[in-house]
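Shown next, in structure tokens, is the structure this report addresses.
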Amino acid sequence: MPATDHITTRTALLTGAAMLAFAANSLLCRLALAPTLIDAASFTSVRLISGAITLAAILALRKGLRIRPTANWRSVAALYAYMAFFSFAYLSLSAGTGALILFGAVQLTMFIVALRSGEHFSLLSWGGLAVAVFGLVYLVSSGVTAPDPLGAVAMAVAGISWGFYSLLGRGATDPLAATAGNFIYAVPLTVILSLVFISHIHLTANGFALAVISGSVASACGYVIWYAALPGLTATRAATVQLSVPVIAAFGGIALISEALTLRLIVASIATLGGVAVVLAQRSTKTPAPRR
């Protein structure tokens, strides 16, 4: 639990920056995978390896060349599972369907763990969450179709993995070192993945570049910022605020790839961001453990 139940300015700024990075990742993945500029295994590997190189370089500059990042193997496994299953899921899912399954799985995972640990969600917070979820559903409903079963399962695994990765990050005392270690120790896993799918390799210069940017900037730096923000957020708040990512990504699509600004997007954005704001504005408490 954070030392205070109020969100500080530092936590708010870090959280906002992390959501922007997550939205950027969504756009970069869509640009690379939707037109098949790169295959899913290669995108995952390039993304993860470029992130590991970036973080290792930053860590070396901060601590000197004699460094040895420690590994939290649960975090390593969660990070790798999220990246791999996310990439493969979008081979058979639409953007709207994928967003619903991903964030639904993230919400369920983080809320179940939080409520079991004794976090208390006020009635007004539940109302804000409901409004935010409605906004997300309304935003993507025009593009939601019956999902491919394997794609749906893969995206659900990605969401559960990201939920656990976020929960584990709340205990990180050094966000940079923790994130660097997670990326670096996940590299052997992604090399194995690429070898398994070596017959399906498809690389273009643009696809490779998008994967590098996704890994070195949006993922590596974004995840460090997220780990820095997490100690100031309860698990329920950390889960809820991520509902803003599809909305931010939608506006990014308008600004960067000339997607249309629609009334649906405006209404959905007001509902989602308003609901998230209600949740973040509430005081959070934790049910005290029973006396023995």
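Chain labels run A, B, ... following the order of the structure tokens; each chain numbers its residues from 1, and ligands are numbered from 1 in the order shown.
Excluding Phe164 in chain A and any residue on its chain fewer than 3 positions from it, the residues at most 8 Å away by only C-alpha atoms are Ser75, Ala78, Thr109, Met110, Ile160, Ser161, Leu167 and Leu168 of chain A.
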Prev. selection, C-alpha atoms, output as an mmCIF file, in the first residue's frame:
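Written file, selection_11.cif:
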data_model
loop_
_atom_site.group_PDB
_atom_site.id
_atom_site.type_symbol
_atom_site.label_atom_id
_atom_site.label_comp_id
_atom_site.auth_asym_id
_atom_site.auth_seq_id
_atom_site.Cartn_x
_atom_site.Cartn_y
_atom_site.Cartn_z
ATOM 1 C CA SER A 75 8.324 -10.712 -13.446
ATOM 2 C CA ALA A 78 5.058 -12.334 -16.886
ATOM 3 C CA THR A 109 -6.583 -10.178 -12.507
ATOM 4 C CA MET A 110 -5.648 -7.022 -10.621
ATOM 5 C CA ILE A 160 -3.415 -11.873 -17.094
ATOM 6 C CA SER A 161 0.358 -11.737 -17.539
ATOM 7 C CA LEU A 167 1.210 -6.159 -9.375
ATOM 8 C CA LEU A 168 4.766 -7.451 -8.976
#
*as a ChimeraX atom specification, which residues of range 5-129 of chain A does DSSP assign to alpha helix (DSSP H)?*
/A:9-33,40-63,73-89,95-116,123-129
*Trp73 in chain A environment, 10 Å, only C-alpha atoms, sequence neighbours closer than 3 positions dropped, as a PyMOL selection string*: chain A and resi 70+76-79+181-182+185-186
*Atom-to-atom span, CA of Leu55 in chain A and CA of Gly16 in chain A, Å*: 20.8 Å
Residues of range 27-100 of chain A that have any atom at most 10 Å from an atom of range 133-138 of chain A: could you tabulate them with the shortest-distance atom pair and the distance in Å to one decimal, using only C-alpha atoms, ordered by chain and increasing number, as CSV?
residue,atom,partner,partner_atom,distance
A:Gly96,CA,A:Val137,CA,8.6
A:Thr97,CA,A:Val137,CA,9.5
A:Ala99,CA,A:Leu136,CA,8.6
A:Leu100,CA,A:Val137,CA,7.0
Could you dump the residues just selected with C-alpha atoms as a CSV table (one decimal), in the first residue's frame?
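Saved as out-v9.csv:
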chain,number,residue,atom,x,y,z
A,96,GLY,CA,-11.6,-3.6,-30.8
A,97,THR,CA,-12.0,-7.2,-29.8
A,99,ALA,CA,-8.7,-4.3,-26.5
A,100,LEU,CA,-11.8,-5.6,-24.7
